[in-house]
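For reference, the structure discussed in these notes is given below.
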Amino acid sequence: MTMLVQVDLRSDSRYLTCWVEPRVRVGDQVTLKSSEEPARRWDVLRVGSPQPAGAIKRGWDNNI
């Protein structure tokens with residue numbers, strides 16, 4: 001089962017919240033390869049608890 005964590009990210013004055021693989025930690029720098037700016041570096045500010053990817057998708061579809 002694929003697990004994801006919700007993270008808060010910062011790059012310069014930009015902020016972003018997204019779901020990523022649970023191997024990131026607060027203080028890490030990451031890039032988002034599937035974004036419009038794949039070379040932009042983001043600082044990880046917060047990491048949530050791991051959730052099954054299927055449960056997240058059901059929530060987006062209002063299917064809980």
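By convention here, the chains of the structure tokens are called A, B, ... in the order presented, each chain's residues are numbered starting at 1, and ligands are numbered starting at 1 in the order presented.
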Could you give me, as a PyMOL selection string, the residues within 12 Å of A:Met3, counting only C-alpha atoms and dropping anything in the same chain fewer than 3 positions from it? chain A and resi 6+19-23+48-57
May I have the selected residues written with C-alpha atoms, as a PDB file, in the first residue's frame?
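To be explicit, this is the file written out as result33.pdb:
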```pdb
ATOM      1  CA  GLN A   6       1.001  16.103   3.714  1.00  0.00           C
ATOM      2  CA  TRP A  19       1.175  15.213  -0.605  1.00  0.00           C
ATOM      3  CA  VAL A  20       4.537  13.461  -1.042  1.00  0.00           C
ATOM      4  CA  GLU A  21       6.241  10.180  -0.177  1.00  0.00           C
ATOM      5  CA  PRO A  22       6.864   9.824   3.579  1.00  0.00           C
ATOM      6  CA  ARG A  23      10.666   9.877   3.410  1.00  0.00           C
ATOM      7  CA  GLY A  48       1.975  15.282   8.655  1.00  0.00           C
ATOM      8  CA  SER A  49       1.305  11.666   9.594  1.00  0.00           C
ATOM      9  CA  PRO A  50       1.387   8.997   6.852  1.00  0.00           C
ATOM     10  CA  GLN A  51      -1.947   8.219   5.181  1.00  0.00           C
ATOM     11  CA  PRO A  52      -2.844   5.536   2.615  1.00  0.00           C
ATOM     12  CA  ALA A  53      -2.943   7.085  -0.867  1.00  0.00           C
ATOM     13  CA  GLY A  54      -6.306   5.436  -1.529  1.00  0.00           C
ATOM     14  CA  ALA A  55      -7.894   7.144   1.484  1.00  0.00           C
ATOM     15  CA  ILE A  56      -6.651  10.543   0.296  1.00  0.00           C
ATOM     16  CA  LYS A  57      -8.151   9.991  -3.166  1.00  0.00           C
TER      17      LYS A  57
END
```
Can you pull out the residues contacting A:Cys18? Cut-off 9 Å, using only C-alpha atoms, and skip same-chain residues under 5 positions away; I want them as number ranges by chain. A: 5-9
Those same residues, written as a PDB file, in the first residue's frame with all heavy atoms?
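Okay, this is what ended up in selection-v3.pdb:
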```pdb
ATOM      1  N   VAL A   5       2.424  11.610   2.873  1.00  0.00           N
ATOM      2  CA  VAL A   5       2.307  12.566   3.968  1.00  0.00           C
ATOM      3  C   VAL A   5       2.026  13.948   3.390  1.00  0.00           C
ATOM      4  O   VAL A   5       2.487  14.284   2.306  1.00  0.00           O
ATOM      5  CB  VAL A   5       3.584  12.618   4.843  1.00  0.00           C
ATOM      6  CG1 VAL A   5       3.768  11.333   5.609  1.00  0.00           C
ATOM      7  CG2 VAL A   5       4.820  12.936   4.026  1.00  0.00           C
ATOM      8  N   GLN A   6       1.255  14.732   4.133  1.00  0.00           N
ATOM      9  CA  GLN A   6       1.001  16.103   3.714  1.00  0.00           C
ATOM     10  C   GLN A   6       2.130  16.967   4.264  1.00  0.00           C
ATOM     11  O   GLN A   6       2.489  16.860   5.440  1.00  0.00           O
ATOM     12  CB  GLN A   6      -0.344  16.582   4.237  1.00  0.00           C
ATOM     13  CG  GLN A   6      -0.758  17.914   3.666  1.00  0.00           C
ATOM     14  CD  GLN A   6      -2.122  18.327   4.161  1.00  0.00           C
ATOM     15  OE1 GLN A   6      -2.343  18.421   5.353  1.00  0.00           O
ATOM     16  NE2 GLN A   6      -3.028  18.559   3.225  1.00  0.00           N
ATOM     17  N   VAL A   7       2.694  17.824   3.429  1.00  0.00           N
ATOM     18  CA  VAL A   7       3.797  18.687   3.841  1.00  0.00           C
ATOM     19  C   VAL A   7       3.491  20.139   3.505  1.00  0.00           C
ATOM     20  O   VAL A   7       2.760  20.432   2.559  1.00  0.00           O
ATOM     21  CB  VAL A   7       5.132  18.279   3.169  1.00  0.00           C
ATOM     22  CG1 VAL A   7       5.590  16.923   3.631  1.00  0.00           C
ATOM     23  CG2 VAL A   7       5.040  18.318   1.662  1.00  0.00           C
ATOM     24  N   ASP A   8       4.034  21.035   4.321  1.00  0.00           N
ATOM     25  CA  ASP A   8       4.018  22.465   4.026  1.00  0.00           C
ATOM     26  C   ASP A   8       5.416  22.823   3.549  1.00  0.00           C
ATOM     27  O   ASP A   8       6.411  22.471   4.198  1.00  0.00           O
ATOM     28  CB  ASP A   8       3.671  23.282   5.267  1.00  0.00           C
ATOM     29  CG  ASP A   8       2.229  23.112   5.695  1.00  0.00           C
ATOM     30  OD1 ASP A   8       1.400  22.710   4.855  1.00  0.00           O
ATOM     31  OD2 ASP A   8       1.925  23.377   6.864  1.00  0.00           O
ATOM     32  N   LEU A   9       5.478  23.522   2.420  1.00  0.00           N
ATOM     33  CA  LEU A   9       6.751  23.859   1.798  1.00  0.00           C
ATOM     34  C   LEU A   9       6.873  25.365   1.623  1.00  0.00           C
ATOM     35  O   LEU A   9       5.865  26.068   1.499  1.00  0.00           O
ATOM     36  CB  LEU A   9       6.859  23.194   0.422  1.00  0.00           C
ATOM     37  CG  LEU A   9       6.646  21.686   0.368  1.00  0.00           C
ATOM     38  CD1 LEU A   9       6.607  21.222  -1.084  1.00  0.00           C
ATOM     39  CD2 LEU A   9       7.733  20.967   1.140  1.00  0.00           C
TER      40      LEU A   9
END
```
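All residues within chain A that the backbone DSSP calculation assigns to helix (DSSP H, G or I) are Ala53, Gly54, Ala55, Ile56, Lys57, Arg58, Gly59 and Trp60 of chain A.
Atom pair atom CA of A:Gly27 / atom CA of A:Leu45: separated by 6.4 Å.
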If you run DSSP over the backbone, which residues in chain A end up strand (DSSP E)? Put them as a ChimeraX atom specification. /A:3-11,14-20,29-30,42-47,51-52
Could you write those residues out with N, CA, C and O atoms, as a short mmCIF file (atom, residue, chain, number, x, y, z; two decimals), in the first residue's frame?
```
data_model
loop_
_atom_site.label_atom_id
_atom_site.label_comp_id
_atom_site.auth_asym_id
_atom_site.auth_seq_id
_atom_site.Cartn_x
_atom_site.Cartn_y
_atom_site.Cartn_z
N MET A 3 1.87 4.90 0.85
CA MET A 3 1.58 5.88 1.90
C MET A 3 2.10 7.24 1.45
O MET A 3 3.13 7.34 0.78
N LEU A 4 1.39 8.30 1.84
CA LEU A 4 1.78 9.68 1.54
C LEU A 4 1.66 10.52 2.81
O LEU A 4 0.87 10.18 3.70
N VAL A 5 2.42 11.61 2.87
CA VAL A 5 2.31 12.57 3.97
C VAL A 5 2.03 13.95 3.39
O VAL A 5 2.49 14.28 2.31
N GLN A 6 1.26 14.73 4.13
CA GLN A 6 1.00 16.10 3.71
C GLN A 6 2.13 16.97 4.26
O GLN A 6 2.49 16.86 5.44
N VAL A 7 2.69 17.82 3.43
CA VAL A 7 3.80 18.69 3.84
C VAL A 7 3.49 20.14 3.51
O VAL A 7 2.76 20.43 2.56
N ASP A 8 4.03 21.04 4.32
CA ASP A 8 4.02 22.47 4.03
C ASP A 8 5.42 22.82 3.55
O ASP A 8 6.41 22.47 4.20
N LEU A 9 5.48 23.52 2.42
CA LEU A 9 6.75 23.86 1.80
C LEU A 9 6.87 25.37 1.62
O LEU A 9 5.86 26.07 1.50
N ARG A 10 8.13 25.86 1.59
CA ARG A 10 8.39 27.28 1.33
C ARG A 10 9.56 27.40 0.36
O ARG A 10 10.57 26.71 0.49
N SER A 11 9.41 28.29 -0.61
CA SER A 11 10.49 28.63 -1.54
C SER A 11 10.44 30.14 -1.73
O SER A 11 9.48 30.66 -2.30
N ARG A 14 7.08 32.05 -1.53
CA ARG A 14 5.98 31.19 -1.95
C ARG A 14 5.79 30.04 -0.96
O ARG A 14 6.76 29.48 -0.45
N TYR A 15 4.55 29.69 -0.70
CA TYR A 15 4.21 28.59 0.19
C TYR A 15 3.32 27.61 -0.55
O TYR A 15 2.53 28.00 -1.41
N LEU A 16 3.43 26.33 -0.18
CA LEU A 16 2.69 25.28 -0.86
C LEU A 16 2.41 24.14 0.12
O LEU A 16 3.26 23.83 0.95
N THR A 17 1.24 23.56 0.04
CA THR A 17 0.91 22.35 0.79
C THR A 17 0.61 21.27 -0.23
O THR A 17 -0.15 21.50 -1.18
N CYS A 18 1.22 20.09 -0.06
CA CYS A 18 1.00 19.01 -1.02
C CYS A 18 1.25 17.66 -0.35
O CYS A 18 1.68 17.59 0.80
N TRP A 19 0.97 16.58 -1.07
CA TRP A 19 1.17 15.21 -0.60
C TRP A 19 2.40 14.64 -1.30
O TRP A 19 2.54 14.75 -2.51
N VAL A 20 3.31 14.05 -0.51
CA VAL A 20 4.54 13.46 -1.04
C VAL A 20 4.82 12.13 -0.34
O VAL A 20 4.14 11.78 0.62
N GLN A 29 15.36 19.86 1.90
CA GLN A 29 15.05 20.61 0.69
C GLN A 29 14.64 19.60 -0.37
O GLN A 29 15.31 18.59 -0.56
N VAL A 30 13.52 19.88 -1.04
CA VAL A 30 13.00 18.97 -2.06
C VAL A 30 12.72 19.73 -3.33
O VAL A 30 12.59 20.96 -3.33
N TRP A 42 12.40 23.60 -2.56
CA TRP A 42 11.43 23.91 -1.51
C TRP A 42 11.98 23.43 -0.18
O TRP A 42 12.49 22.33 -0.08
N ASP A 43 11.83 24.25 0.87
CA ASP A 43 12.18 23.86 2.23
C ASP A 43 10.95 23.22 2.87
O ASP A 43 9.84 23.77 2.80
N VAL A 44 11.14 22.08 3.52
CA VAL A 44 10.04 21.39 4.20
C VAL A 44 9.86 22.02 5.58
O VAL A 44 10.77 21.99 6.41
N LEU A 45 8.67 22.58 5.82
CA LEU A 45 8.37 23.25 7.09
C LEU A 45 7.60 22.36 8.06
O LEU A 45 7.73 22.50 9.28
N ARG A 46 6.74 21.48 7.54
CA ARG A 46 5.90 20.61 8.37
C ARG A 46 5.65 19.32 7.64
O ARG A 46 5.48 19.31 6.42
N VAL A 47 5.62 18.22 8.38
CA VAL A 47 5.31 16.90 7.81
C VAL A 47 4.19 16.29 8.64
O VAL A 47 4.30 16.17 9.86
N GLN A 51 -0.58 8.63 5.50
CA GLN A 51 -1.95 8.22 5.18
C GLN A 51 -1.90 7.34 3.93
O GLN A 51 -1.10 7.59 3.03
N PRO A 52 -2.79 6.33 3.85
CA PRO A 52 -2.84 5.54 2.61
C PRO A 52 -3.29 6.41 1.44
O PRO A 52 -4.22 7.21 1.57
#
```
Would you kindly return, as a PDB file with N, CA and C atoms, in the first residue's frame, each protein, DNA or RNA residue with an atom no farther than 6 Å from any atom of A:Arg40, considering only C-alpha atoms and excluding same-chain residues fewer than 2 positions away?
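Written file, part_32.pdb:
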```
ATOM      1  N   THR A  31      12.610  18.989  -4.431  1.00  0.00           N
ATOM      2  CA  THR A  31      12.111  19.529  -5.691  1.00  0.00           C
ATOM      3  C   THR A  31      10.873  18.735  -6.049  1.00  0.00           C
ATOM      4  N   GLU A  37       7.657  24.056 -12.208  1.00  0.00           N
ATOM      5  CA  GLU A  37       9.043  24.485 -12.002  1.00  0.00           C
ATOM      6  C   GLU A  37       9.819  23.352 -11.321  1.00  0.00           C
ATOM      7  N   PRO A  38      10.175  22.314 -12.048  1.00  0.00           N
ATOM      8  CA  PRO A  38      10.797  21.144 -11.424  1.00  0.00           C
ATOM      9  C   PRO A  38      12.175  21.406 -10.818  1.00  0.00           C
TER      10      PRO A  38
END
```
